[in-house]
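J.: Sharing model.txt, compact mmCIF, N, CA and C atoms:
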# COMPACT_ATOMS: atom_id res chain seq x y z
N PRO A 282 -38.18 23.38 -45.17
CA PRO A 282 -37.83 22.02 -44.76
C PRO A 282 -36.61 21.52 -45.55
N GLU A 283 -35.95 20.56 -44.96
CA GLU A 283 -34.72 20.03 -45.56
C GLU A 283 -34.94 19.53 -46.98
N GLU A 284 -36.07 18.89 -47.25
CA GLU A 284 -36.31 18.32 -48.58
C GLU A 284 -36.48 19.40 -49.66
N ALA A 285 -36.73 20.63 -49.25
CA ALA A 285 -36.89 21.72 -50.22
C ALA A 285 -35.54 22.25 -50.72
N TRP A 286 -34.45 21.91 -50.02
CA TRP A 286 -33.13 22.40 -50.42
C TRP A 286 -32.60 21.59 -51.60
N PRO A 287 -31.88 22.25 -52.51
CA PRO A 287 -31.25 21.52 -53.62
C PRO A 287 -30.29 20.46 -53.09
N ARG A 288 -30.23 19.35 -53.78
CA ARG A 288 -29.42 18.21 -53.31
C ARG A 288 -27.93 18.36 -53.59
N THR A 289 -27.58 19.15 -54.60
CA THR A 289 -26.17 19.28 -54.97
C THR A 289 -25.80 20.76 -55.06
N GLU A 290 -24.51 21.03 -55.06
CA GLU A 290 -24.05 22.41 -55.21
C GLU A 290 -24.47 22.97 -56.56
N ALA A 291 -24.41 22.15 -57.60
CA ALA A 291 -24.83 22.60 -58.93
C ALA A 291 -26.32 22.95 -58.94
N ALA A 292 -27.14 22.15 -58.27
CA ALA A 292 -28.57 22.43 -58.20
C ALA A 292 -28.83 23.72 -57.42
N PHE A 293 -28.04 23.94 -56.37
CA PHE A 293 -28.18 25.19 -55.61
C PHE A 293 -27.80 26.38 -56.49
N ASP A 294 -26.68 26.27 -57.21
CA ASP A 294 -26.25 27.35 -58.10
C ASP A 294 -27.32 27.67 -59.13
N ALA A 295 -27.94 26.65 -59.68
CA ALA A 295 -29.00 26.86 -60.68
C ALA A 295 -30.21 27.55 -60.04
N ALA A 296 -30.60 27.12 -58.86
CA ALA A 296 -31.74 27.74 -58.16
C ALA A 296 -31.43 29.19 -57.80
N TRP A 297 -30.19 29.45 -57.39
CA TRP A 297 -29.78 30.80 -57.04
C TRP A 297 -29.83 31.70 -58.28
N ALA A 298 -29.29 31.22 -59.39
CA ALA A 298 -29.30 32.00 -60.63
C ALA A 298 -30.73 32.26 -61.09
N GLU A 299 -31.59 31.27 -60.96
CA GLU A 299 -33.00 31.43 -61.34
C GLU A 299 -33.67 32.49 -60.47
N GLY A 300 -33.37 32.47 -59.19
CA GLY A 300 -33.93 33.46 -58.28
C GLY A 300 -33.43 34.87 -58.59
N LEU A 301 -32.12 35.00 -58.87
CA LEU A 301 -31.57 36.31 -59.19
C LEU A 301 -32.18 36.89 -60.46
N ALA A 302 -32.50 36.03 -61.41
CA ALA A 302 -33.10 36.48 -62.66
C ALA A 302 -34.49 37.08 -62.44
N LYS A 303 -35.13 36.72 -61.32
CA LYS A 303 -36.48 37.20 -61.03
C LYS A 303 -36.50 38.44 -60.13
N VAL A 304 -35.33 38.91 -59.70
CA VAL A 304 -35.27 40.02 -58.75
C VAL A 304 -35.81 41.30 -59.37
N SER A 305 -36.72 41.95 -58.64
CA SER A 305 -37.20 43.28 -59.02
C SER A 305 -37.71 43.96 -57.76
N TYR A 306 -37.60 45.28 -57.74
CA TYR A 306 -38.02 46.05 -56.58
C TYR A 306 -38.88 47.21 -57.05
N ASP A 307 -39.98 47.47 -56.35
CA ASP A 307 -40.77 48.67 -56.68
C ASP A 307 -40.13 49.86 -55.98
N ASP A 308 -40.62 51.04 -56.28
CA ASP A 308 -40.01 52.26 -55.74
C ASP A 308 -40.09 52.34 -54.23
N THR A 309 -41.15 51.83 -53.64
CA THR A 309 -41.30 51.86 -52.19
C THR A 309 -40.23 51.00 -51.52
N LEU A 310 -40.02 49.80 -52.04
CA LEU A 310 -39.01 48.92 -51.47
C LEU A 310 -37.61 49.47 -51.70
N LYS A 311 -37.35 50.00 -52.89
CA LYS A 311 -36.04 50.62 -53.16
C LYS A 311 -35.76 51.75 -52.16
N ALA A 312 -36.76 52.59 -51.91
CA ALA A 312 -36.58 53.70 -50.96
C ALA A 312 -36.27 53.16 -49.57
N TYR A 313 -36.98 52.12 -49.15
CA TYR A 313 -36.75 51.52 -47.83
C TYR A 313 -35.32 50.96 -47.74
N LEU A 314 -34.91 50.20 -48.75
CA LEU A 314 -33.58 49.60 -48.74
C LEU A 314 -32.48 50.66 -48.83
N ASN A 315 -32.73 51.72 -49.60
CA ASN A 315 -31.76 52.81 -49.66
C ASN A 315 -31.63 53.51 -48.31
N ASP A 316 -32.74 53.66 -47.59
CA ASP A 316 -32.67 54.24 -46.25
C ASP A 316 -31.81 53.37 -45.33
N LEU A 317 -31.92 52.05 -45.47
CA LEU A 317 -31.07 51.16 -44.67
C LEU A 317 -29.60 51.32 -45.06
N LEU A 318 -29.33 51.39 -46.36
CA LEU A 318 -27.95 51.58 -46.81
C LEU A 318 -27.37 52.89 -46.32
N ASP A 319 -28.22 53.92 -46.24
CA ASP A 319 -27.76 55.24 -45.82
C ASP A 319 -27.85 55.46 -44.31
N LEU A 320 -28.24 54.43 -43.57
CA LEU A 320 -28.33 54.48 -42.11
C LEU A 320 -29.28 55.56 -41.62
N LYS A 321 -30.41 55.72 -42.29
CA LYS A 321 -31.38 56.76 -41.93
C LYS A 321 -31.95 56.55 -40.53
N GLN A 322 -31.79 55.36 -39.95
CA GLN A 322 -32.29 55.10 -38.61
C GLN A 322 -31.37 55.70 -37.55
N LEU A 323 -30.21 56.20 -37.94
CA LEU A 323 -29.27 56.79 -36.99
C LEU A 323 -29.39 58.31 -37.00
N SER A 324 -28.67 58.93 -36.09
CA SER A 324 -28.68 60.39 -36.02
C SER A 324 -28.04 60.97 -37.29
N PRO A 325 -28.36 62.22 -37.63
CA PRO A 325 -27.75 62.84 -38.82
C PRO A 325 -26.22 62.83 -38.77
N GLU A 326 -25.66 63.03 -37.60
CA GLU A 326 -24.19 63.01 -37.47
C GLU A 326 -23.63 61.62 -37.79
N GLN A 327 -24.27 60.58 -37.27
CA GLN A 327 -23.82 59.21 -37.56
C GLN A 327 -24.02 58.88 -39.03
N GLN A 328 -25.13 59.33 -39.60
CA GLN A 328 -25.37 59.12 -41.03
C GLN A 328 -24.24 59.74 -41.85
N ARG A 329 -23.88 60.96 -41.50
CA ARG A 329 -22.85 61.67 -42.25
C ARG A 329 -21.49 60.97 -42.15
N ARG A 330 -21.16 60.51 -40.94
CA ARG A 330 -19.86 59.87 -40.73
C ARG A 330 -19.78 58.45 -41.28
N LEU A 331 -20.84 57.67 -41.07
CA LEU A 331 -20.79 56.24 -41.38
C LEU A 331 -21.51 55.85 -42.66
N GLY A 332 -22.50 56.65 -43.06
CA GLY A 332 -23.36 56.29 -44.18
C GLY A 332 -22.66 55.98 -45.50
N PRO A 333 -21.76 56.86 -45.96
CA PRO A 333 -21.13 56.59 -47.27
C PRO A 333 -20.37 55.26 -47.31
N PHE A 334 -19.60 54.97 -46.26
CA PHE A 334 -18.86 53.70 -46.25
C PHE A 334 -19.84 52.53 -46.13
N HIS A 335 -20.84 52.66 -45.28
CA HIS A 335 -21.82 51.60 -45.10
C HIS A 335 -22.50 51.26 -46.43
N ARG A 336 -22.92 52.29 -47.17
CA ARG A 336 -23.54 52.09 -48.47
C ARG A 336 -22.57 51.39 -49.42
N TRP A 337 -21.33 51.88 -49.47
CA TRP A 337 -20.34 51.35 -50.41
C TRP A 337 -20.01 49.88 -50.11
N ILE A 338 -19.71 49.58 -48.85
CA ILE A 338 -19.28 48.21 -48.51
C ILE A 338 -20.42 47.23 -48.70
N ASN A 339 -21.64 47.61 -48.33
CA ASN A 339 -22.76 46.69 -48.50
C ASN A 339 -23.14 46.52 -49.96
N THR A 340 -23.01 47.58 -50.74
CA THR A 340 -23.25 47.46 -52.19
C THR A 340 -22.26 46.48 -52.80
N GLY A 341 -21.03 46.49 -52.32
CA GLY A 341 -20.01 45.58 -52.82
C GLY A 341 -20.34 44.12 -52.57
N PHE A 342 -21.02 43.83 -51.49
CA PHE A 342 -21.36 42.44 -51.18
C PHE A 342 -22.58 41.95 -51.95
N LEU A 343 -23.31 42.84 -52.59
CA LEU A 343 -24.50 42.42 -53.33
C LEU A 343 -24.15 41.84 -54.70
N PRO A 344 -24.89 40.84 -55.14
CA PRO A 344 -24.69 40.33 -56.50
C PRO A 344 -25.03 41.43 -57.52
N PRO A 345 -24.38 41.44 -58.68
CA PRO A 345 -24.66 42.46 -59.69
C PRO A 345 -26.13 42.58 -60.06
N GLU A 346 -26.85 41.47 -60.07
CA GLU A 346 -28.27 41.51 -60.41
C GLU A 346 -29.08 42.35 -59.42
N ILE A 347 -28.72 42.26 -58.16
CA ILE A 347 -29.43 43.03 -57.14
C ILE A 347 -29.02 44.50 -57.23
N ARG A 348 -27.72 44.75 -57.46
CA ARG A 348 -27.28 46.14 -57.64
C ARG A 348 -28.05 46.79 -58.80
N GLU A 349 -28.18 46.06 -59.89
CA GLU A 349 -28.89 46.59 -61.05
C GLU A 349 -30.37 46.84 -60.73
N ALA A 350 -31.01 45.89 -60.08
CA ALA A 350 -32.42 46.03 -59.74
C ALA A 350 -32.65 47.20 -58.79
N MET A 351 -31.65 47.51 -57.97
CA MET A 351 -31.75 48.62 -57.01
C MET A 351 -31.26 49.94 -57.60
N ASP A 352 -30.78 49.91 -58.84
CA ASP A 352 -30.21 51.11 -59.48
C ASP A 352 -29.02 51.65 -58.71
N LEU A 353 -28.20 50.75 -58.16
CA LEU A 353 -27.01 51.15 -57.42
C LEU A 353 -25.82 51.27 -58.37
N THR A 354 -25.08 52.33 -58.21
CA THR A 354 -23.89 52.54 -59.04
C THR A 354 -22.73 51.73 -58.48
N TRP A 355 -22.04 51.01 -59.37
CA TRP A 355 -20.87 50.22 -58.96
C TRP A 355 -19.93 50.16 -60.16
N THR A 356 -18.75 50.74 -60.01
CA THR A 356 -17.81 50.82 -61.12
C THR A 356 -16.72 49.75 -61.00
N ALA A 357 -15.94 49.62 -62.06
CA ALA A 357 -14.80 48.69 -62.02
C ALA A 357 -13.82 49.12 -60.94
N ASP A 358 -13.66 50.42 -60.74
CA ASP A 358 -12.77 50.92 -59.69
C ASP A 358 -13.33 50.58 -58.31
N ASP A 359 -14.66 50.69 -58.14
CA ASP A 359 -15.28 50.27 -56.88
C ASP A 359 -14.99 48.80 -56.62
N GLU A 360 -15.15 47.98 -57.64
CA GLU A 360 -14.92 46.54 -57.49
C GLU A 360 -13.48 46.24 -57.11
N ARG A 361 -12.53 46.92 -57.75
CA ARG A 361 -11.11 46.72 -57.44
C ARG A 361 -10.83 47.12 -55.99
N ARG A 362 -11.31 48.29 -55.57
CA ARG A 362 -11.10 48.75 -54.20
C ARG A 362 -11.79 47.83 -53.19
N PHE A 363 -12.99 47.38 -53.51
CA PHE A 363 -13.73 46.48 -52.64
C PHE A 363 -12.98 45.16 -52.44
N GLN A 364 -12.52 44.55 -53.53
CA GLN A 364 -11.80 43.28 -53.45
C GLN A 364 -10.52 43.44 -52.62
N GLU A 365 -9.82 44.54 -52.81
CA GLU A 365 -8.60 44.79 -52.03
C GLU A 365 -8.92 44.97 -50.55
N ARG A 366 -9.98 45.71 -50.24
CA ARG A 366 -10.37 45.93 -48.85
C ARG A 366 -10.76 44.61 -48.19
N VAL A 367 -11.55 43.81 -48.86
CA VAL A 367 -11.99 42.53 -48.30
C VAL A 367 -10.80 41.59 -48.11
N ARG A 368 -9.87 41.60 -49.07
CA ARG A 368 -8.67 40.76 -48.95
C ARG A 368 -7.86 41.16 -47.71
N ARG A 369 -7.65 42.46 -47.52
CA ARG A 369 -6.88 42.93 -46.37
C ARG A 369 -7.60 42.64 -45.05
N LEU A 370 -8.91 42.86 -45.02
CA LEU A 370 -9.67 42.57 -43.81
C LEU A 370 -9.64 41.08 -43.47
N GLY A 371 -9.74 40.24 -44.50
CA GLY A 371 -9.68 38.80 -44.28
C GLY A 371 -8.35 38.37 -43.70
N ALA A 372 -7.25 38.93 -44.24
CA ALA A 372 -5.92 38.60 -43.74
C ALA A 372 -5.77 39.03 -42.29
N ARG A 373 -6.29 40.21 -41.97
CA ARG A 373 -6.21 40.71 -40.59
C ARG A 373 -7.11 39.87 -39.67
N ASN A 374 -8.28 39.53 -40.14
CA ASN A 374 -9.23 38.76 -39.35
C ASN A 374 -8.67 37.37 -38.99
N ARG A 375 -7.93 36.77 -39.91
CA ARG A 375 -7.38 35.44 -39.64
C ARG A 375 -6.35 35.45 -38.51
N ARG A 376 -5.79 36.62 -38.20
CA ARG A 376 -4.81 36.72 -37.11
C ARG A 376 -5.47 36.93 -35.76
N VAL A 377 -6.76 37.23 -35.75
CA VAL A 377 -7.50 37.45 -34.49
C VAL A 377 -7.87 36.08 -33.91
N PRO A 378 -7.68 35.88 -32.61
CA PRO A 378 -8.05 34.58 -32.01
C PRO A 378 -9.52 34.24 -32.29
N ARG A 379 -9.77 32.97 -32.52
CA ARG A 379 -11.10 32.50 -32.88
C ARG A 379 -12.15 32.92 -31.85
N VAL A 380 -11.83 32.88 -30.58
CA VAL A 380 -12.81 33.24 -29.55
C VAL A 380 -13.23 34.71 -29.70
N VAL A 381 -12.31 35.56 -30.10
CA VAL A 381 -12.63 36.98 -30.31
C VAL A 381 -13.45 37.15 -31.58
N ARG A 382 -13.06 36.45 -32.66
CA ARG A 382 -13.81 36.53 -33.92
C ARG A 382 -15.25 36.06 -33.74
N ASN A 383 -15.44 35.03 -32.92
CA ASN A 383 -16.77 34.44 -32.75
C ASN A 383 -17.59 35.11 -31.66
N PHE A 384 -17.01 36.05 -30.93
CA PHE A 384 -17.72 36.67 -29.81
C PHE A 384 -19.05 37.29 -30.22
N PRO A 385 -19.13 38.11 -31.27
CA PRO A 385 -20.42 38.77 -31.56
C PRO A 385 -21.57 37.77 -31.75
N ILE A 386 -21.35 36.73 -32.53
CA ILE A 386 -22.43 35.77 -32.77
C ILE A 386 -22.70 34.95 -31.51
N GLY A 387 -21.64 34.63 -30.76
CA GLY A 387 -21.82 33.88 -29.52
C GLY A 387 -22.60 34.66 -28.49
N ALA A 388 -22.31 35.95 -28.37
CA ALA A 388 -23.03 36.80 -27.41
C ALA A 388 -24.49 36.95 -27.82
N THR A 389 -24.73 37.10 -29.11
CA THR A 389 -26.10 37.23 -29.60
C THR A 389 -26.88 35.94 -29.34
N LEU A 390 -26.26 34.80 -29.61
CA LEU A 390 -26.92 33.52 -29.38
C LEU A 390 -27.20 33.32 -27.89
N TRP A 391 -26.25 33.67 -27.04
CA TRP A 391 -26.45 33.55 -25.59
C TRP A 391 -27.62 34.42 -25.15
N ASP A 392 -27.68 35.66 -25.65
CA ASP A 392 -28.77 36.57 -25.30
C ASP A 392 -30.11 36.01 -25.76
N TYR A 393 -30.15 35.49 -26.98
CA TYR A 393 -31.38 34.89 -27.51
C TYR A 393 -31.85 33.73 -26.64
N ARG A 394 -30.92 32.85 -26.29
CA ARG A 394 -31.30 31.68 -25.47
C ARG A 394 -31.77 32.10 -24.09
N LEU A 395 -31.12 33.09 -23.49
CA LEU A 395 -31.53 33.58 -22.17
C LEU A 395 -32.93 34.19 -22.25
N ARG A 396 -33.18 34.99 -23.27
CA ARG A 396 -34.51 35.60 -23.42
C ARG A 396 -35.59 34.53 -23.60
N ARG A 397 -35.29 33.51 -24.38
CA ARG A 397 -36.25 32.43 -24.55
C ARG A 397 -36.53 31.72 -23.25
N LEU A 398 -35.46 31.43 -22.52
CA LEU A 398 -35.58 30.75 -21.22
C LEU A 398 -36.42 31.56 -20.24
N LEU A 399 -36.22 32.87 -20.25
CA LEU A 399 -36.94 33.75 -19.33
C LEU A 399 -38.28 34.23 -19.90
N ARG A 400 -38.61 33.74 -21.10
CA ARG A 400 -39.83 34.14 -21.79
C ARG A 400 -39.93 35.66 -21.95
N ARG A 401 -38.78 36.27 -22.30
CA ARG A 401 -38.72 37.69 -22.55
C ARG A 401 -38.78 37.96 -24.04
N PRO A 402 -39.19 39.17 -24.46
CA PRO A 402 -39.23 39.48 -25.88
C PRO A 402 -37.83 39.39 -26.50
N ILE A 403 -37.77 38.98 -27.76
CA ILE A 403 -36.49 38.88 -28.46
C ILE A 403 -35.96 40.27 -28.82
N VAL A 404 -36.87 41.15 -29.16
CA VAL A 404 -36.47 42.53 -29.49
C VAL A 404 -37.18 43.51 -28.58
Could you write out this file's structure as structure tokens?
T.:
Amino acid sequence: PEEAWPRTEAAFDAAWAEGLAKVSYDDTLKAYLNDLLDLKQLSPEQQRRLGPFHRWINTGFLPPEIREAMDLTWTADDERRFQERVRRLGARNRRVPRVVRNFPIGATLWDYRLRRLLRRPIV
């Protein structure tokens, strides 16, 4: 509910930091999350082609506390390369027309609303 949200940005930052300090994963959850990072749900060929980049880019977006709790390796060189990649992608993304940038979420929302209207399963 709305009243459960922190009232200020500083209060949110404090709640976020408090939550990160409590992060821990057991071996079962780590294995499950690592399978997601490695794209184990895809074919072996897709895993081989896409998995390493998928693991690397998603690890880069995680806060250090979560990387540590997951025992994920992340070096200063990884961080430098990640920041450069995100900077370049952001610059390129800003040149794409807004309607194209927003298409994936718009299409997903349209599909969700249509399924609800037709009383069809969401997944």
J.: Going by DSSP on the backbone, which residues of range 313-404 of chain A come out as helix (DSSP H, G or I)? List them as a PyMOL selection string.
T.: chain A and resi 313-318+325-342+345-350+357-375+379-382+384-398
J.: Which residues of range 304-372 of chain A sit at most 8 Å from range 376-393 of chain A, using all atoms listed in the file? Give each one's shortest atom pair and distance in Å (one decimal place), in chain and ascending residue order, as CSV.
T.:
residue,atom,partner,partner_atom,distance
A:Leu370,C,A:Arg376,N,7.9
A:Gly371,C,A:Arg376,N,6.3
A:Ala372,C,A:Arg376,N,4.7
J.: Under the rule that all atoms listed in the file are counted, which of A:Phe293, A:Arg396, A:Lys311, A:Lys303 is the nearest residue to Met351 in chain A?
T.: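 Distance minimum relative to Met351 in chain A lands on A:Lys311.
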J.: Using the file's own x, y and z axes, what box holds all listed atoms of range 339-346 of chain A with 6 Å on each side, keeping edges along x, y and z, and what are its centre and edge lengths in Å to one decimal, as lines of an AutoDock Vina configuration file?
T.:
center_x = -24.5
center_y = 44.0
center_z = -54.4
size_x = 21.1
size_y = 19.3
size_z = 24.1
J.: One number please: CA of Ser305 in chain A to atom C of Pro333 in chain A, in Å, one decimal.
T.: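 If I compute the distance from CA of Ser305 in chain A to atom C of Pro333 in chain A, I get 23.7 Å.
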J.: Hey, which of A:Thr354, A:Thr289, A:Asn339, A:Ser324 ends up closest to Val367 in chain A? Count only C-alpha atoms.
T.: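 The answer is A:Asn339, which sits nearest to Val367 in chain A.
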J.: For the atom pair CA of Glu365 in chain A and atom C of Leu353 in chain A, what is the interatomic distance in Å to one decimal place?
T.: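 A separation of 19.5 Å between them.
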J.: Just the residues within 8 Å of Ala350 in chain A, please, counting only C-alpha atoms, with nothing from its chain fewer than 4 positions along; format it as an mmCIF file with N, CA and C atoms, in the frame of the given file.
T.:
data_model
loop_
_atom_site.group_PDB
_atom_site.id
_atom_site.type_symbol
_atom_site.label_atom_id
_atom_site.label_comp_id
_atom_site.auth_asym_id
_atom_site.auth_seq_id
_atom_site.Cartn_x
_atom_site.Cartn_y
_atom_site.Cartn_z
ATOM 1 N N VAL A 304 -35.330 38.910 -59.700
ATOM 2 C CA VAL A 304 -35.270 40.020 -58.750
ATOM 3 C C VAL A 304 -35.810 41.300 -59.370
ATOM 4 N N SER A 305 -36.720 41.950 -58.640
ATOM 5 C CA SER A 305 -37.200 43.280 -59.020
ATOM 6 C C SER A 305 -37.710 43.960 -57.760
ATOM 7 N N TYR A 306 -37.600 45.280 -57.740
ATOM 8 C CA TYR A 306 -38.020 46.050 -56.580
ATOM 9 C C TYR A 306 -38.880 47.210 -57.050
ATOM 10 N N GLU A 346 -26.850 41.470 -60.070
ATOM 11 C CA GLU A 346 -28.270 41.510 -60.410
ATOM 12 C C GLU A 346 -29.080 42.350 -59.420
#
J.: Using Å and a single decimal, report how far atom C of Val404 in chain A sits from atom N of Leu317 in chain A.
T.: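 Those two atoms sit 19.6 Å apart.
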J.: Which one is closest to His335 in chain A: A:Ile347, A:Ala296, A:Leu318, A:Ala291? Count only C-alpha atoms.
T.: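 Between A:Ile347, A:Ala296, A:Leu318, A:Ala291, the residue approaching His335 in chain A most closely is A:Leu318.
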J.: Tell me which of A:Glu326, A:Arg348, A:Gly300, A:Ala295 sits closest to Leu314 in chain A, counting only C-alpha atoms.
T.: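 Among the listed residues, the smallest separation from Leu314 in chain A belongs to A:Arg348.
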J.: What would range 300-309 of chain A look like with all heavy atoms restored, written as a PDB file, in the coordinates of the input?
T.:
ATOM      1  N   GLY A 300     -33.370  32.470 -59.190  1.00  0.00           N
ATOM      2  CA  GLY A 300     -33.930  33.460 -58.280  1.00  0.00           C
ATOM      3  C   GLY A 300     -33.430  34.870 -58.590  1.00  0.00           C
ATOM      4  O   GLY A 300     -34.205  35.829 -58.584  1.00  0.00           O
ATOM      5  N   LEU A 301     -32.120  35.000 -58.870  1.00  0.00           N
ATOM      6  CA  LEU A 301     -31.570  36.310 -59.190  1.00  0.00           C
ATOM      7  C   LEU A 301     -32.180  36.890 -60.460  1.00  0.00           C
ATOM      8  O   LEU A 301     -32.365  38.101 -60.577  1.00  0.00           O
ATOM      9  CB  LEU A 301     -30.047  36.243 -59.342  1.00  0.00           C
ATOM     10  CG  LEU A 301     -29.247  36.171 -58.046  1.00  0.00           C
ATOM     11  CD1 LEU A 301     -27.766  36.012 -58.357  1.00  0.00           C
ATOM     12  CD2 LEU A 301     -29.491  37.386 -57.167  1.00  0.00           C
ATOM     13  N   ALA A 302     -32.500  36.030 -61.410  1.00  0.00           N
ATOM     14  CA  ALA A 302     -33.100  36.480 -62.660  1.00  0.00           C
ATOM     15  C   ALA A 302     -34.490  37.080 -62.440  1.00  0.00           C
ATOM     16  O   ALA A 302     -34.981  37.864 -63.251  1.00  0.00           O
ATOM     17  CB  ALA A 302     -33.179  35.333 -63.659  1.00  0.00           C
ATOM     18  N   LYS A 303     -35.130  36.720 -61.320  1.00  0.00           N
ATOM     19  CA  LYS A 303     -36.480  37.200 -61.030  1.00  0.00           C
ATOM     20  C   LYS A 303     -36.500  38.440 -60.130  1.00  0.00           C
ATOM     21  O   LYS A 303     -37.572  38.960 -59.834  1.00  0.00           O
ATOM     22  CB  LYS A 303     -37.280  36.096 -60.336  1.00  0.00           C
ATOM     23  CG  LYS A 303     -37.514  34.873 -61.195  1.00  0.00           C
ATOM     24  CD  LYS A 303     -38.224  33.810 -60.383  1.00  0.00           C
ATOM     25  CE  LYS A 303     -38.379  32.523 -61.169  1.00  0.00           C
ATOM     26  NZ  LYS A 303     -38.947  31.458 -60.349  1.00  0.00           N
ATOM     27  N   VAL A 304     -35.330  38.910 -59.700  1.00  0.00           N
ATOM     28  CA  VAL A 304     -35.270  40.020 -58.750  1.00  0.00           C
ATOM     29  C   VAL A 304     -35.810  41.300 -59.370  1.00  0.00           C
ATOM     30  O   VAL A 304     -35.452  41.678 -60.476  1.00  0.00           O
ATOM     31  CB  VAL A 304     -33.813  40.248 -58.275  1.00  0.00           C
ATOM     32  CG1 VAL A 304     -33.681  41.544 -57.504  1.00  0.00           C
ATOM     33  CG2 VAL A 304     -33.343  39.083 -57.428  1.00  0.00           C
ATOM     34  N   SER A 305     -36.720  41.950 -58.640  1.00  0.00           N
ATOM     35  CA  SER A 305     -37.200  43.280 -59.020  1.00  0.00           C
ATOM     36  C   SER A 305     -37.710  43.960 -57.760  1.00  0.00           C
ATOM     37  O   SER A 305     -38.156  43.307 -56.818  1.00  0.00           O
ATOM     38  CB  SER A 305     -38.308  43.188 -60.064  1.00  0.00           C
ATOM     39  OG  SER A 305     -39.468  42.635 -59.504  1.00  0.00           O
ATOM     40  N   TYR A 306     -37.600  45.280 -57.740  1.00  0.00           N
ATOM     41  CA  TYR A 306     -38.020  46.050 -56.580  1.00  0.00           C
ATOM     42  C   TYR A 306     -38.880  47.210 -57.050  1.00  0.00           C
ATOM     43  O   TYR A 306     -38.543  47.893 -58.013  1.00  0.00           O
ATOM     44  CB  TYR A 306     -36.810  46.621 -55.821  1.00  0.00           C
ATOM     45  CG  TYR A 306     -35.847  45.565 -55.353  1.00  0.00           C
ATOM     46  CD1 TYR A 306     -34.626  45.356 -55.984  1.00  0.00           C
ATOM     47  CD2 TYR A 306     -36.157  44.766 -54.264  1.00  0.00           C
ATOM     48  CE1 TYR A 306     -33.742  44.387 -55.543  1.00  0.00           C
ATOM     49  CE2 TYR A 306     -35.283  43.792 -53.822  1.00  0.00           C
ATOM     50  CZ  TYR A 306     -34.074  43.611 -54.457  1.00  0.00           C
ATOM     51  OH  TYR A 306     -33.216  42.649 -54.020  1.00  0.00           O
ATOM     52  N   ASP A 307     -39.980  47.470 -56.350  1.00  0.00           N
ATOM     53  CA  ASP A 307     -40.770  48.670 -56.680  1.00  0.00           C
ATOM     54  C   ASP A 307     -40.130  49.860 -55.980  1.00  0.00           C
ATOM     55  O   ASP A 307     -39.196  49.719 -55.175  1.00  0.00           O
ATOM     56  CB  ASP A 307     -42.235  48.483 -56.307  1.00  0.00           C
ATOM     57  CG  ASP A 307     -42.483  48.311 -54.814  1.00  0.00           C
ATOM     58  OD1 ASP A 307     -41.617  48.705 -53.994  1.00  0.00           O
ATOM     59  OD2 ASP A 307     -43.541  47.787 -54.454  1.00  0.00           O
ATOM     60  N   ASP A 308     -40.620  51.040 -56.280  1.00  0.00           N
ATOM     61  CA  ASP A 308     -40.010  52.260 -55.740  1.00  0.00           C
ATOM     62  C   ASP A 308     -40.090  52.340 -54.230  1.00  0.00           C
ATOM     63  O   ASP A 308     -39.166  52.836 -53.577  1.00  0.00           O
ATOM     64  CB  ASP A 308     -40.654  53.502 -56.369  1.00  0.00           C
ATOM     65  CG  ASP A 308     -40.295  53.661 -57.834  1.00  0.00           C
ATOM     66  OD1 ASP A 308     -39.272  53.090 -58.268  1.00  0.00           O
ATOM     67  OD2 ASP A 308     -41.034  54.364 -58.551  1.00  0.00           O
ATOM     68  N   THR A 309     -41.150  51.830 -53.640  1.00  0.00           N
ATOM     69  CA  THR A 309     -41.300  51.860 -52.190  1.00  0.00           C
ATOM     70  C   THR A 309     -40.230  51.000 -51.520  1.00  0.00           C
ATOM     71  O   THR A 309     -39.588  51.427 -50.554  1.00  0.00           O
ATOM     72  CB  THR A 309     -42.709  51.365 -51.781  1.00  0.00           C
ATOM     73  OG1 THR A 309     -43.673  52.191 -52.419  1.00  0.00           O
ATOM     74  CG2 THR A 309     -42.894  51.396 -50.278  1.00  0.00           C
TER      75      THR A 309
END
